[in-house]
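A.B. asks: Below is a structure I'd like to ask you about.
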There are 4 protein chains.
Amino acid sequence: MNQHHFTPTHYYNTLGSHAPVLRVAPGDRIVTTTVDAHGIDAQRRQVTPPGNPMTGPFYVEGAQPGDTLVVHIERITPNRSYGWSGTFLAPNVVDPDFVAGLPWPPKGERRYAEWTVDAAAGTATLVSPQGALGALKLPSAPMLGCFGVAPADGEAISTATSAQHGGNMDYRGFCAGVTVYFPVLVPGALFCLGDGHAVQGAGEIVGTGIEISCEVAFTLDLQKGRRIEWPRGETATHIFTAGNARPLDQALQHATTEMARWLQTEYGLDPITAQMLMGMAVEYEVGNVFDPAYTMICKLAKRWLPAQAQTWILRESRFVEEASQ
Amino acid sequence: MNQHHFTPTHYYNTLGSHAPVLRVAPGDRIVTTTVDAHGIDAQRRQVTPPGNPMTGPFYVEGAQPGDTLVVHIERITPNRSYGWSGTFLAPNVVDPDFVAGLPWPPKGERRYAEWTVDAAAGTATLVSPQGALGALKLPSAPMLGCFGVAPADGEAISTATSAQHGGNMDYRGFCAGVTVYFPVLVPGALFCLGDGHAVQGAGEIVGTGIEISCEVAFTLDLQKGRRIEWPRGETATHIFTAGNARPLDQALQHATTEMARWLQTEYGLDPITAQMLMGMAVEYEVGNVFDPAYTMICKLAKRWLPAQAQTWILRESRFVEEASQ
Amino acid sequence: MNQHHFTPTHYYNTLGSHAPVLRVAPGDRIVTTTVDAHGIDAQRRQVTPPGNPMTGPFYVEGAQPGDTLVVHIERITPNRSYGWSGTFLAPNVVDPDFVAGLPWPPKGERRYAEWTVDAAAGTATLVSPQGALGALKLPSAPMLGCFGVAPADGEAISTATSAQHGGNMDYRGFCAGVTVYFPVLVPGALFCLGDGHAVQGAGEIVGTGIEISCEVAFTLDLQKGRRIEWPRGETATHIFTAGNARPLDQALQHATTEMARWLQTEYGLDPITAQMLMGMAVEYEVGNVFDPAYTMICKLAKRWLPAQAQTWILRESRFVEEASQ
Amino acid sequence: MNQHHFTPTHYYNTLGSHAPVLRVAPGDRIVTTTVDAHGIDAQRRQVTPPGNPMTGPFYVEGAQPGDTLVVHIERITPNRSYGWSGTFLAPNVVDPDFVAGLPWPPKGERRYAEWTVDAAAGTATLVSPQGALGALKLPSAPMLGCFGVAPADGEAISTATSAQHGGNMDYRGFCAGVTVYFPVLVPGALFCLGDGHAVQGAGEIVGTGIEISCEVAFTLDLQKGRRIEWPRGETATHIFTAGNARPLDQALQHATTEMARWLQTEYGLDPITAQMLMGMAVEYEVGNVFDPAYTMICKLAKRWLPAQAQTWILRESRFVEEASQ
């Protein structure tokens, strides 16, 4: 296993078949940085145009369509104290007749809240605008809003949205400790990441989290010949699938179908057992309901699953903890 | 506070302005029974036609449109050991091209799984059909699938669906310990309940939970002059709202809007504070995605809310614990 | 065949199992009046509360669940000159970020446009507010916004919405000359009608047509043993089906499925032929996209269909033209 | 005005910033050919991979983001007799519980119907499979299923779907005689076209039209400084807008909003007049309900519009008829 410290010099606003910035072997560990959704870096310099600029793509040697890319997120650390967020509910998440009453800023203005993020203390504190709750202090829970692989068939898809290749899913579970699986759709997989949030509620319903630049440590690995259709993930206690579409019903259909496929093809459950179990034990979490495609997560506790099905799961020993943190 | 032990003799398959079976005072406690979704009681007798038959309606003295009915669920106890559930995913929760591959029973047949529910042990154990997981044993978590008040304007709405009056929401959080708020839409509120589930996954994605008859203990109370638009609820740690509609996006809009209204009108938060807080702290849970109307829950931890806003919250002292349990 | 001139004395705001106002034999012809959506009659008196008050229900002798009710609309004549309509697009039919820019009236006000309807001339002329197009004059095309039968299982459904029993579909094709089929869901069918529009664009996207009271002449007939799932209809040139649901996608699914069933069960088309034909020849029209349930129409030209399948179609000779018009 | 006869040598399966195959001046006329959706040409040779391969892109001199591209379709002529189509309804356009009963081919097979298209006679005749309607003969109505410009921000979007740049809209109104407006999103606009259908029902509900290769004659023109958000179009009698999204409700929102903008900004209608007129006069047509994004068309008859607003409309004199047809 190699370790790479990669400093990005340019960024992409699409997930697509761009020239890789680094070639890595399966199992390699990468430490790099991401700019925030506006393209602003750790020094608060705008270094690239806004719109979820991506660090990468990273080319994984040997990855071919039909394989699965394994991304283990080890650490997401905000690398500046300044964070910003939206100040009112997105018009698409409230009743249509409530929209006119949202606290819109004056015509032509865009207004953001400002937060101070203390990575060491694990907090985000509201600086402005302060209202009824004053300097509201929230526990930080850093996550990646947007990451994934290059889509198939020559597509280059905006980092504003998401699909089977991943993308802008804005799911709070994409945080340190999670292992995420993406279908490899082009040679090398071409993994990219960015759009760090220090804090975010479910649904990203004000259109942002607390947006921030980050240092991210992660491992890329490869599962040859494992075919998946949608992003999947795993924590210490759960497996989960992500469906990306509108309406939310369709995102839920994708995630639910992918979970049924997973249980039936990799855990050896007959269809009736798989589906009965899902009916009694599945949980759903909402990723975003703001972007062009919404994200729904279908989760299942590992305690209900046969242990022998773990053949595809990344060996834990692969994940070395960073020495100097 | 009075206590009522009510034994139902007939049931309704709609929530509507039916003749009340019992008149109670605000604060009264009721212990009663519910039949299962097929109309089968504790002795496994079919005592009424299927389709979520309701126990009730209970008339609350003094309740008028514009008030809020408070339902504190104290206890839901399965009163028989036999439970049944669906055996495959509902066709509307999977990708359309996956539907033909579901484990449909032969044409014309309907098949159910059978479970043994042990209320004392708090378990539900699969009897048949047994597949890869054998006699799967799940912890029971009894809940009410369907409950609510009579709708306004002379409507009588099937207990297959839900709307602003409540109904068939199939949310796992409607369990012992929760306090639920319904808008009063007709004099007396006309509260009904039924459709107990011993266990249910989120979404009720096989079309049922583990369906069972129950004994239920609850308290009904009244908040004069408190107007709400959608069912709301409260646990020790969270407040929540329920939106009922299709698609799920619209259910989410209703629940999100109701939460914004709640924070702004009862917790004294200015709109920007209320909405920023929601953006960073809200959680969503899926009730059902099976019924004609889907249910989405919007939750917020009480820890973020001003303490002084609790004026509308039911006094805890009102809830007496049942002596003999 | 009998003829009935029925003058309503009371109205209902739900479609449900209300006491019938008149009992008729299959084939009978009825001439009656309807008030407008606000409950205002030909003399501009408010005679009943607003919300699409219904004339009826009419009990058809011999109608039983499992039969089909045939409604032939012979004539819809506005019986006053005053019509009113909405003045801006409903917030649910435009992009969420466009909603705040709609021409909302000042808070707390509701504003309607006023039109003069000339039934003899067949025109509707804008009185106020007059803007860039002055006294806009449109050809009138009277239609019934809301009509249908009582739903099954004791439901009483608001005339604000629609479902399999019909209801507030707001389809422009429900005009003079059309024959409409409803599933009979309760004994006697209990047909009701109202909510006349002198003019309406597709979708009813300002929330109203030009709302008006009307005189309506129609025939009710019965097809014993013909089972249908959703409202169907027929003109000189087309057959059509109506699906009612949200989102519009689901309304379209209902209408499309009902058309496939129709072709396969009554026109004797094998499934592949029926579905290929639909793929190449079907047309869609939007009923309303304003009400709680949206309406989608699936149409097919009769020229593509086998002539021998007309067994279920009402004999034209049944429809006598009104002598004095 | 120049005329170009362009013979394609390669095709693209995305709309994106590919190297242009031809540079033309505003007003130029192009005659070219398109292969069918499977990449099969006039000689029934598979010349490129399937998936709506595009002829183009054509670079229009002077086109810049913020301008509007004008595409006048003069002629679409099937250039072979062999056409193919789907044989059963797409599972997403019928009720979920109807899907299992669709006439699916045996597992692993894909089956297409075969048609003989007679461009001179203007007919398409079913060859196989023949069922209850035998050799069904339909009038041909050639249209372009997929055409549009390159999207902004470096995206390359699959020709399976559609968005603001156009794409796979499958609207029957994109036929000879129509003028279509696209927003220019990249320098040169980079117009592409393909996916000809000899016949197609609304919604493309079997997933295809009668798919065929074509010769297409069209004119490209430019409107400097005219900003539009979604594709628009114009016939002799109507103007229309196209919205592309899922669910269909959102596609309708886009199309309706674009029509309101059009009336208010280019026809000089005050918002209330524009929106009242739309409410009473708008029509909707369904493009496709099969692709990842659905397409809804919002139409308005020109007879209701002020004549002086035609400043942006392409001068008719620009369109020369082809001499030898």
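Ligands are numbered from 1 in the order shown, chains are lettered A, B, ... in the order of the structure tokens, and residues start at 1 in each chain.
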Pick out the residues sitting within 9 Å of segment 32-48 of chain B, and hand them over as a VMD selection string; count only C-alpha atoms, and ignore anything fewer than 3 positions along from it in its own chain.
C.D. replies: chain B and resid 4 to 12 51 to 55 78 to 83 193 to 197 208 211 to 218
A.B. asks: Residues of chain D within 7 Å of chain B, counting only C-alpha atoms, what are they? List them as a list of chain:residue names.
C.D. replies: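 Taken together, these residues fit the definition: D:Pro91, D:Asn92, D:Pro96, D:Asp97, D:Val99, D:Ala100.
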A.B. asks: If you count only C-alpha atoms, which residues fall within 9 Å of Pro306 of chain D, apart from same-chain ones fewer than 5 positions away, as a list in words?
C.D. replies: Ala132 and Leu133 of chain C; Tyr267, Gly268 and Leu269 of chain D
A.B. asks: Out of segment 80-293 of chain C, which residues get helix (DSSP H, G or I) from DSSP, as a VMD selection string?
C.D. replies: chain C and resid 91 to 93 96 to 101 248 to 265 271 to 281
A.B. asks: What's the 8 Å shell around segment 173-181 of chain B, counting only C-alpha atoms, without same-chain residues fewer than 2 positions away, as number ranges by chain?
C.D. replies: B: 68-76, 141-145, 170-171, 183, 231-235
A.B. asks: Save out the residues we just selected, N, CA and C atoms, as an mmCIF file, in the first residue's frame.
C.D. replies:
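What landed in again36.cif:
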```cif
data_model
loop_
_atom_site.group_PDB
_atom_site.id
_atom_site.type_symbol
_atom_site.label_atom_id
_atom_site.label_comp_id
_atom_site.auth_asym_id
_atom_site.auth_seq_id
_atom_site.Cartn_x
_atom_site.Cartn_y
_atom_site.Cartn_z
ATOM 1 N N THR B 68 -56.626 21.659 19.125
ATOM 2 C CA THR B 68 -55.723 20.544 18.846
ATOM 3 C C THR B 68 -56.010 19.410 19.819
ATOM 4 N N LEU B 69 -56.120 18.211 19.256
ATOM 5 C CA LEU B 69 -56.295 17.014 20.088
ATOM 6 C C LEU B 69 -54.912 16.457 20.429
ATOM 7 N N VAL B 70 -54.724 16.127 21.699
ATOM 8 C CA VAL B 70 -53.461 15.558 22.148
ATOM 9 C C VAL B 70 -53.680 14.090 22.481
ATOM 10 N N VAL B 71 -52.917 13.232 21.845
ATOM 11 C CA VAL B 71 -53.024 11.794 22.084
ATOM 12 C C VAL B 71 -51.695 11.317 22.643
ATOM 13 N N HIS B 72 -51.706 10.895 23.883
ATOM 14 C CA HIS B 72 -50.485 10.330 24.450
ATOM 15 C C HIS B 72 -50.619 8.812 24.464
ATOM 16 N N ILE B 73 -49.776 8.129 23.694
ATOM 17 C CA ILE B 73 -49.826 6.663 23.649
ATOM 18 C C ILE B 73 -48.962 6.126 24.780
ATOM 19 N N GLU B 74 -49.633 5.451 25.679
ATOM 20 C CA GLU B 74 -48.938 4.961 26.865
ATOM 21 C C GLU B 74 -48.416 3.547 26.650
ATOM 22 N N ARG B 75 -49.204 2.745 25.975
ATOM 23 C CA ARG B 75 -48.857 1.341 25.871
ATOM 24 C C ARG B 75 -49.586 0.737 24.679
ATOM 25 N N ILE B 76 -48.888 -0.084 23.888
ATOM 26 C CA ILE B 76 -49.498 -0.872 22.805
ATOM 27 C C ILE B 76 -49.046 -2.310 23.024
ATOM 28 N N ALA B 141 -41.663 -4.061 18.291
ATOM 29 C CA ALA B 141 -41.732 -2.621 18.562
ATOM 30 C C ALA B 141 -43.120 -2.167 18.170
ATOM 31 N N PRO B 142 -44.120 -2.493 19.008
ATOM 32 C CA PRO B 142 -45.518 -2.267 18.622
ATOM 33 C C PRO B 142 -45.827 -0.796 18.320
ATOM 34 N N MET B 143 -46.624 -0.608 17.322
ATOM 35 C CA MET B 143 -46.984 0.736 16.843
ATOM 36 C C MET B 143 -48.404 0.700 16.284
ATOM 37 N N LEU B 144 -48.990 1.890 16.155
ATOM 38 C CA LEU B 144 -50.299 2.017 15.513
ATOM 39 C C LEU B 144 -50.095 2.430 14.064
ATOM 40 N N GLY B 145 -50.599 1.619 13.133
ATOM 41 C CA GLY B 145 -50.475 1.982 11.722
ATOM 42 C C GLY B 145 -51.421 3.090 11.326
ATOM 43 N N ASP B 170 -48.643 4.695 9.100
ATOM 44 C CA ASP B 170 -47.691 3.588 9.217
ATOM 45 C C ASP B 170 -46.276 4.068 9.537
ATOM 46 N N TYR B 171 -46.203 4.932 10.529
ATOM 47 C CA TYR B 171 -44.907 5.454 10.978
ATOM 48 C C TYR B 171 -44.502 4.736 12.259
ATOM 49 N N PRO B 183 -55.071 18.098 14.362
ATOM 50 C CA PRO B 183 -56.022 19.224 14.299
ATOM 51 C C PRO B 183 -57.433 18.714 14.550
ATOM 52 N N PRO B 231 -50.627 16.539 11.347
ATOM 53 C CA PRO B 231 -50.286 15.863 12.602
ATOM 54 C C PRO B 231 -48.865 16.237 13.033
ATOM 55 N N ARG B 232 -48.726 16.444 14.336
ATOM 56 C CA ARG B 232 -47.419 16.723 14.920
ATOM 57 C C ARG B 232 -47.195 15.706 16.041
ATOM 58 N N GLY B 233 -45.958 15.624 16.495
ATOM 59 C CA GLY B 233 -45.689 14.703 17.576
ATOM 60 C C GLY B 233 -44.497 15.136 18.399
ATOM 61 N N GLU B 234 -44.285 14.402 19.485
ATOM 62 C CA GLU B 234 -43.250 14.787 20.421
ATOM 63 C C GLU B 234 -42.796 13.558 21.199
ATOM 64 N N THR B 235 -41.491 13.411 21.335
ATOM 65 C CA THR B 235 -40.932 12.376 22.195
ATOM 66 C C THR B 235 -40.099 13.072 23.272
#
```
A.B. asks: Find the residues around Thr295 of chain D up to 7 Å (only C-alpha atoms counted), leave out those fewer than 6 positions away in its own chain, and share them as a PDB file with N, CA and C atoms, in the first residue's frame.
C.D. replies:
```pdb
ATOM      1  N   MET D 169     -36.370  14.449 -26.491  1.00  0.00           N
ATOM      2  CA  MET D 169     -37.678  14.907 -26.019  1.00  0.00           C
ATOM      3  C   MET D 169     -38.839  14.101 -26.599  1.00  0.00           C
ATOM      4  N   ALA D 242     -41.150  23.771 -24.131  1.00  0.00           N
ATOM      5  CA  ALA D 242     -40.898  22.388 -23.728  1.00  0.00           C
ATOM      6  C   ALA D 242     -40.186  22.383 -22.388  1.00  0.00           C
ATOM      7  N   GLY D 243     -40.722  21.623 -21.427  1.00  0.00           N
ATOM      8  CA  GLY D 243     -40.057  21.404 -20.142  1.00  0.00           C
ATOM      9  C   GLY D 243     -39.643  19.950 -20.039  1.00  0.00           C
ATOM     10  N   ASN D 244     -38.425  19.711 -19.563  1.00  0.00           N
ATOM     11  CA  ASN D 244     -37.878  18.355 -19.502  1.00  0.00           C
ATOM     12  C   ASN D 244     -37.437  18.034 -18.080  1.00  0.00           C
ATOM     13  N   ALA D 245     -38.044  17.038 -17.451  1.00  0.00           N
ATOM     14  CA  ALA D 245     -37.723  16.689 -16.064  1.00  0.00           C
ATOM     15  C   ALA D 245     -38.567  15.491 -15.659  1.00  0.00           C
ATOM     16  N   ALA D 251     -41.807  18.763 -15.255  1.00  0.00           N
ATOM     17  CA  ALA D 251     -41.691  19.131 -16.672  1.00  0.00           C
ATOM     18  C   ALA D 251     -42.768  20.160 -17.010  1.00  0.00           C
ATOM     19  N   VAL D 286     -47.984  15.835 -24.277  1.00  0.00           N
ATOM     20  CA  VAL D 286     -46.934  15.038 -23.660  1.00  0.00           C
ATOM     21  C   VAL D 286     -45.906  14.657 -24.721  1.00  0.00           C
ATOM     22  N   GLY D 287     -44.640  15.004 -24.468  1.00  0.00           N
ATOM     23  CA  GLY D 287     -43.566  14.520 -25.340  1.00  0.00           C
ATOM     24  C   GLY D 287     -43.333  13.055 -24.998  1.00  0.00           C
ATOM     25  N   ASN D 288     -42.255  12.760 -24.263  1.00  0.00           N
ATOM     26  CA  ASN D 288     -42.053  11.378 -23.862  1.00  0.00           C
ATOM     27  C   ASN D 288     -42.301  11.222 -22.368  1.00  0.00           C
ATOM     28  N   VAL D 289     -42.754  10.052 -21.985  1.00  0.00           N
ATOM     29  CA  VAL D 289     -42.788   9.642 -20.573  1.00  0.00           C
ATOM     30  C   VAL D 289     -42.030   8.324 -20.433  1.00  0.00           C
TER      31      VAL D 289
END
```
A.B. asks: Rounded to one decimal, what separation in Å do you get between atom CA of Ala25 of chain B and atom CA of Gly188 of chain B?
C.D. replies: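 These two atoms are separated by 9.9 Å.
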